[in-house]
$ cat start30.cif   # mmCIF, C-alpha atoms
data_final
#
loop_
_atom_site.label_atom_id
_atom_site.label_comp_id
_atom_site.auth_asym_id
_atom_site.auth_seq_id
_atom_site.Cartn_x
_atom_site.Cartn_y
_atom_site.Cartn_z
CA ASP A 14 42.49 76.43 19.71
CA LEU A 15 41.82 72.98 21.18
CA PHE A 16 38.09 73.00 20.45
CA TYR A 17 38.71 73.90 16.82
CA GLN A 18 41.11 70.96 16.50
CA ILE A 19 38.56 68.65 18.10
CA GLN A 20 35.86 69.90 15.74
CA GLN A 21 38.10 69.35 12.72
CA GLY A 22 38.99 65.83 13.84
CA ILE A 23 35.35 64.91 14.45
CA GLU A 24 34.28 66.28 11.07
CA ARG A 25 37.12 64.43 9.31
CA LEU A 26 36.13 61.12 10.93
CA TYR A 27 32.49 61.68 10.11
CA HIS A 28 32.84 62.81 6.50
CA GLU A 29 35.90 60.91 5.32
CA GLN A 30 35.60 57.64 7.22
CA ARG A 31 31.85 57.59 8.01
CA VAL A 32 32.59 57.19 11.73
CA THR A 33 30.31 58.75 14.31
CA SER A 34 32.31 59.41 17.47
CA VAL A 35 30.66 58.83 20.85
CA PHE A 36 31.84 60.83 23.87
CA ILE A 37 30.62 59.84 27.34
CA LEU A 38 31.24 62.37 30.07
CA ASP A 39 30.39 61.11 33.56
CA GLU A 40 30.07 63.01 36.85
CA MET A 41 28.97 66.09 34.91
CA HIS A 42 27.07 67.42 37.92
CA LEU A 43 30.57 68.31 39.18
CA ALA A 44 31.56 70.13 35.97
CA LYS A 45 32.54 73.77 36.22
CA ASP A 46 30.34 76.28 34.42
CA ALA A 47 33.18 77.20 32.05
CA PHE A 48 33.55 73.57 30.99
CA LEU A 49 29.83 73.27 30.24
CA GLN A 50 30.04 76.45 28.18
CA ASP A 51 33.00 74.99 26.27
CA ILE A 52 30.98 71.86 25.51
CA ALA A 53 28.24 74.06 24.06
CA ILE A 54 30.83 75.45 21.64
CA LEU A 55 31.34 71.94 20.24
CA PHE A 56 27.68 71.90 19.25
CA ASN A 57 27.96 75.14 17.32
CA PHE A 58 29.15 73.55 14.10
CA HIS A 59 26.72 72.15 11.53
CA MET A 60 24.73 70.35 14.20
CA ASP A 61 21.39 71.43 12.77
CA SER A 62 21.86 69.39 9.60
CA THR A 63 24.21 66.56 10.61
CA ASN A 64 25.25 64.73 13.74
CA PRO A 65 28.99 64.06 13.44
CA PHE A 66 29.18 62.87 17.05
CA VAL A 67 27.09 61.70 19.96
CA LEU A 68 27.65 63.27 23.35
CA ILE A 69 26.33 61.58 26.47
CA LEU A 70 26.35 63.63 29.66
CA ALA A 71 25.86 61.58 32.81
CA GLY A 72 25.53 62.83 36.35
CA LEU A 73 23.38 63.08 39.42
CA PRO A 74 19.86 64.50 39.08
CA HIS A 75 20.87 68.07 39.88
CA LEU A 76 22.77 68.15 36.55
CA GLN A 77 19.43 68.84 34.86
CA ALA A 78 18.79 71.84 37.10
CA LYS A 79 22.30 73.11 36.39
CA LEU A 80 21.73 72.85 32.64
CA ARG A 81 18.50 74.87 32.93
CA LEU A 82 20.44 77.93 34.15
CA ASN A 83 20.51 80.82 31.64
CA GLN A 84 24.26 80.54 31.11
CA HIS A 85 23.85 76.92 29.94
CA ARG A 86 20.74 77.46 27.82
CA PRO A 87 22.57 76.87 24.49
CA LEU A 88 23.74 73.44 25.67
CA HIS A 89 20.40 72.62 27.29
CA GLN A 90 18.54 73.43 24.06
CA ARG A 91 20.78 71.07 22.07
CA ILE A 92 20.01 68.03 24.23
CA ILE A 93 17.61 65.85 22.29
CA MET A 94 17.04 63.07 24.82
CA ARG A 95 16.96 63.01 28.59
CA TYR A 96 16.78 60.03 30.89
CA GLN A 97 16.75 60.05 34.65
CA MET A 98 17.40 56.81 36.47
CA GLY A 99 15.85 56.40 39.88
CA PRO A 100 17.07 54.21 42.70
CA LEU A 101 16.70 50.43 42.52
CA ASP A 102 14.16 48.70 44.74
CA LYS A 103 15.21 45.95 47.16
CA GLU A 104 14.69 43.12 44.67
CA GLU A 105 16.61 45.00 41.98
CA VAL A 106 19.50 45.62 44.40
CA VAL A 107 19.69 41.90 45.17
CA GLY A 108 19.55 41.02 41.46
CA TYR A 109 22.16 43.67 40.65
CA ILE A 110 24.62 42.38 43.25
CA GLU A 111 24.05 38.75 42.27
CA HIS A 112 24.58 39.63 38.59
CA ARG A 113 27.80 41.51 39.33
CA LEU A 114 29.10 38.60 41.44
CA LYS A 115 28.25 36.10 38.70
CA GLN A 116 30.10 38.28 36.16
CA ALA A 117 33.11 38.25 38.50
CA GLY A 118 33.05 34.46 38.56
CA ALA A 119 31.33 33.75 41.88
CA LYS A 120 30.12 30.13 41.99
CA HIS A 121 28.15 30.33 45.25
CA PRO A 122 26.38 33.03 47.31
CA ILE A 123 28.75 35.44 49.04
CA PHE A 124 26.24 37.74 50.78
CA THR A 125 23.62 36.44 53.20
CA PRO A 126 20.02 37.50 52.47
CA ALA A 127 20.17 39.80 55.52
CA ALA A 128 23.38 41.39 54.19
CA LEU A 129 21.76 42.01 50.79
CA GLU A 130 18.80 43.62 52.53
CA ALA A 131 21.15 45.77 54.61
CA ILE A 132 23.00 46.92 51.47
CA ALA A 133 19.67 47.80 49.82
CA LEU A 134 18.68 49.81 52.91
CA GLN A 135 22.03 51.57 53.38
CA SER A 136 22.47 52.40 49.67
CA GLN A 137 18.86 53.53 49.24
CA GLY A 138 19.10 51.76 45.88
CA TRP A 139 21.73 54.00 44.25
CA PRO A 140 24.05 51.83 42.09
CA GLN A 141 27.27 53.74 42.82
CA ILE A 142 26.70 53.41 46.57
CA ILE A 143 25.76 49.73 46.14
CA ASN A 144 29.06 49.14 44.31
CA ASN A 145 31.15 50.99 46.88
CA LEU A 146 29.42 49.37 49.84
CA ALA A 147 29.58 45.84 48.39
CA THR A 148 33.26 46.26 47.53
CA THR A 149 34.05 47.50 51.04
CA CYS A 150 32.09 44.55 52.46
CA LEU A 151 34.14 42.13 50.35
CA LEU A 152 37.37 43.73 51.59
CA TYR A 153 36.22 43.48 55.24
CA GLY A 154 35.09 39.89 54.67
CA ALA A 155 38.46 38.93 53.22
CA GLN A 156 40.29 40.69 56.03
CA LEU A 157 38.16 38.88 58.62
CA LYS A 158 38.46 35.57 56.70
CA LYS A 159 34.67 35.23 56.44
CA HIS A 160 33.09 32.75 54.03
CA MET A 161 29.87 34.81 53.86
CA ILE A 162 29.25 38.54 54.16
CA ASP A 163 26.64 39.10 56.85
CA GLU A 164 24.74 42.17 58.01
CA ASP A 165 27.40 42.92 60.68
CA ILE A 166 30.02 43.35 57.96
CA VAL A 167 27.62 45.57 55.99
CA ARG A 168 27.09 47.68 59.12
CA MET A 169 30.87 47.98 59.65
CA ALA A 170 31.42 48.92 56.00
CA ALA A 171 28.60 51.46 56.06
CA GLU A 172 30.00 53.08 59.19
CA GLU A 173 33.48 53.20 57.64
CA MET A 174 32.06 54.87 54.53
CA GLY A 175 29.90 57.32 56.48
CA TYR A 176 26.51 55.96 55.35
#
$ encode --input "start30.cif" --output "structure tokens"
Amino acid sequence: DLFYQIQQGIERLYHEQRVTSVFILDEMHLAKDAFLQDIAILFNFHMDSTNPFVLILAGLPHLQAKLRLNQHRPLHQRIIMRYQMGPLDKEEVVGYIEHRLKQAGAKHPIFTPAALEAIALQSQGWPQIINNLATTCLLYGAQLKKHMIDEDIVRMAAEEMGY
């Protein structure tokens, strides 16, 4: 059984090598019920006295509602910390985009202030949408040989993406 093998490997790492494994599962709001039930099985071994691994479940807000269903109660009861991130405000969106551009090596502004405001409005502050929209804007800007991304490019990108 795959879960038994995983459990054995985790326990071996934890007890023999003093390594605590960290598993990050994203987009869990899309997870099938059977998969969530299988995850609960992983928690059924010695978890009351030791923590041989850390499991981080990430997903959209309705993941919490899904975990509250009776069939997922064992997993829901094992979660010791919950955090829900809300959307970014306009200033945070601007800072987020500027930070990401700086990390990518940008030496000068690429988005006009109006374009940044349009991205904040279109994305409603959700980071995944900000990323997708900004990337699409950069692709349009390159295709159109623009030196700056303006609100017209943001509008085109948003229409293309269905926002």
$ axis_aligned_box --input "start30.cif" --around "segment 49-56 of chain A" --padding-each-side "6 Å" --output "JSON"
{"center_x": 30.3, "center_y": 74.2, "center_z": 24.7, "size_x": 17.3, "size_y": 16.6, "size_z": 23.0}
$ resolve_selection --input "start30.cif" --expression "the PyMOL selection byres ((chain A and resi 24) around 10)" --output "list in words"
Gln18, Ile19, Gln20, Gln21, Gly22, Ile23, Arg25, Leu26, Tyr27, His28, Glu29, Gln30, Arg31, Val32, Thr33, Ser34, Phe58, His59, Asn64, Pro65 and Phe66 of chain A
$ residues_around --input "start30.cif" --residues "segment 106-115 of chain A" --least-positions-apart "6" --cutoff "12 Å" --atoms "all atoms listed in the file" --output "PDB file with C-alpha atoms, keeping the file's coordinate frame"
ATOM      1  CA  PRO A 100      17.070  54.210  42.700  1.00  0.00           C
ATOM      2  CA  HIS A 121      28.150  30.330  45.250  1.00  0.00           C
ATOM      3  CA  PRO A 122      26.380  33.030  47.310  1.00  0.00           C
ATOM      4  CA  ILE A 123      28.750  35.440  49.040  1.00  0.00           C
ATOM      5  CA  PHE A 124      26.240  37.740  50.780  1.00  0.00           C
ATOM      6  CA  THR A 125      23.620  36.440  53.200  1.00  0.00           C
ATOM      7  CA  PRO A 126      20.020  37.500  52.470  1.00  0.00           C
ATOM      8  CA  ALA A 127      20.170  39.800  55.520  1.00  0.00           C
ATOM      9  CA  ALA A 128      23.380  41.390  54.190  1.00  0.00           C
ATOM     10  CA  LEU A 129      21.760  42.010  50.790  1.00  0.00           C
ATOM     11  CA  GLU A 130      18.800  43.620  52.530  1.00  0.00           C
ATOM     12  CA  ALA A 131      21.150  45.770  54.610  1.00  0.00           C
ATOM     13  CA  ILE A 132      23.000  46.920  51.470  1.00  0.00           C
ATOM     14  CA  ALA A 133      19.670  47.800  49.820  1.00  0.00           C
ATOM     15  CA  LEU A 134      18.680  49.810  52.910  1.00  0.00           C
ATOM     16  CA  GLN A 135      22.030  51.570  53.380  1.00  0.00           C
ATOM     17  CA  SER A 136      22.470  52.400  49.670  1.00  0.00           C
ATOM     18  CA  GLN A 137      18.860  53.530  49.240  1.00  0.00           C
ATOM     19  CA  GLY A 138      19.100  51.760  45.880  1.00  0.00           C
ATOM     20  CA  TRP A 139      21.730  54.000  44.250  1.00  0.00           C
ATOM     21  CA  PRO A 140      24.050  51.830  42.090  1.00  0.00           C
ATOM     22  CA  GLN A 141      27.270  53.740  42.820  1.00  0.00           C
ATOM     23  CA  ILE A 142      26.700  53.410  46.570  1.00  0.00           C
ATOM     24  CA  ILE A 143      25.760  49.730  46.140  1.00  0.00           C
ATOM     25  CA  ASN A 144      29.060  49.140  44.310  1.00  0.00           C
ATOM     26  CA  ASN A 145      31.150  50.990  46.880  1.00  0.00           C
ATOM     27  CA  LEU A 146      29.420  49.370  49.840  1.00  0.00           C
ATOM     28  CA  ALA A 147      29.580  45.840  48.390  1.00  0.00           C
ATOM     29  CA  THR A 148      33.260  46.260  47.530  1.00  0.00           C
ATOM     30  CA  LEU A 151      34.140  42.130  50.350  1.00  0.00           C
TER      31      LEU A 151
END
$ resolve_selection --input "start30.cif" --expression "the PyMOL selection byres ((chain A and resi 168) around 10)" --output "PyMOL selection string"
chain A and resi 128+131-132+135+146+150+163-167+169-174+176
$ closest_residue --input "start30.cif" --among "A:Leu157, A:Ile54, A:Leu88, A:Leu76" --to "Asp14 of chain A" --atoms "only C-alpha atoms"
A:Ile54
$ atom_distance --input "start30.cif" --atom1 "atom CA of Gly118 of chain A" --atom2 "atom CA of His160 of chain A"
15.6 Å
$ atom_distance --input "start30.cif" --atom1 "atom CA of Ile162 of chain A" --atom2 "atom CA of Leu101 of chain A"
20.8 Å
$ residues_around --input "start30.cif" --residues "Gln97 of chain A" --least-positions-apart "4" --cutoff "10 Å" --atoms "only C-alpha atoms" --output "JSON, numbers by chain"
{"A": [71, 72, 73, 74, 77]}
$ atom_distance --input "start30.cif" --atom1 "atom CA of Asp102 of chain A" --atom2 "atom CA of Ala117 of chain A"
22.5 Å
$ closest_residue --input "start30.cif" --among "A:Tyr153, A:Leu55, A:Leu43, A:Val67" --to "Leu80 of chain A" --atoms "only C-alpha atoms"
A:Leu43
$ closest_residue --input "start30.cif" --among "A:Leu68, A:Glu104, A:Ala78, A:Thr149" --to "Phe36 of chain A" --atoms "only C-alpha atoms"
A:Leu68
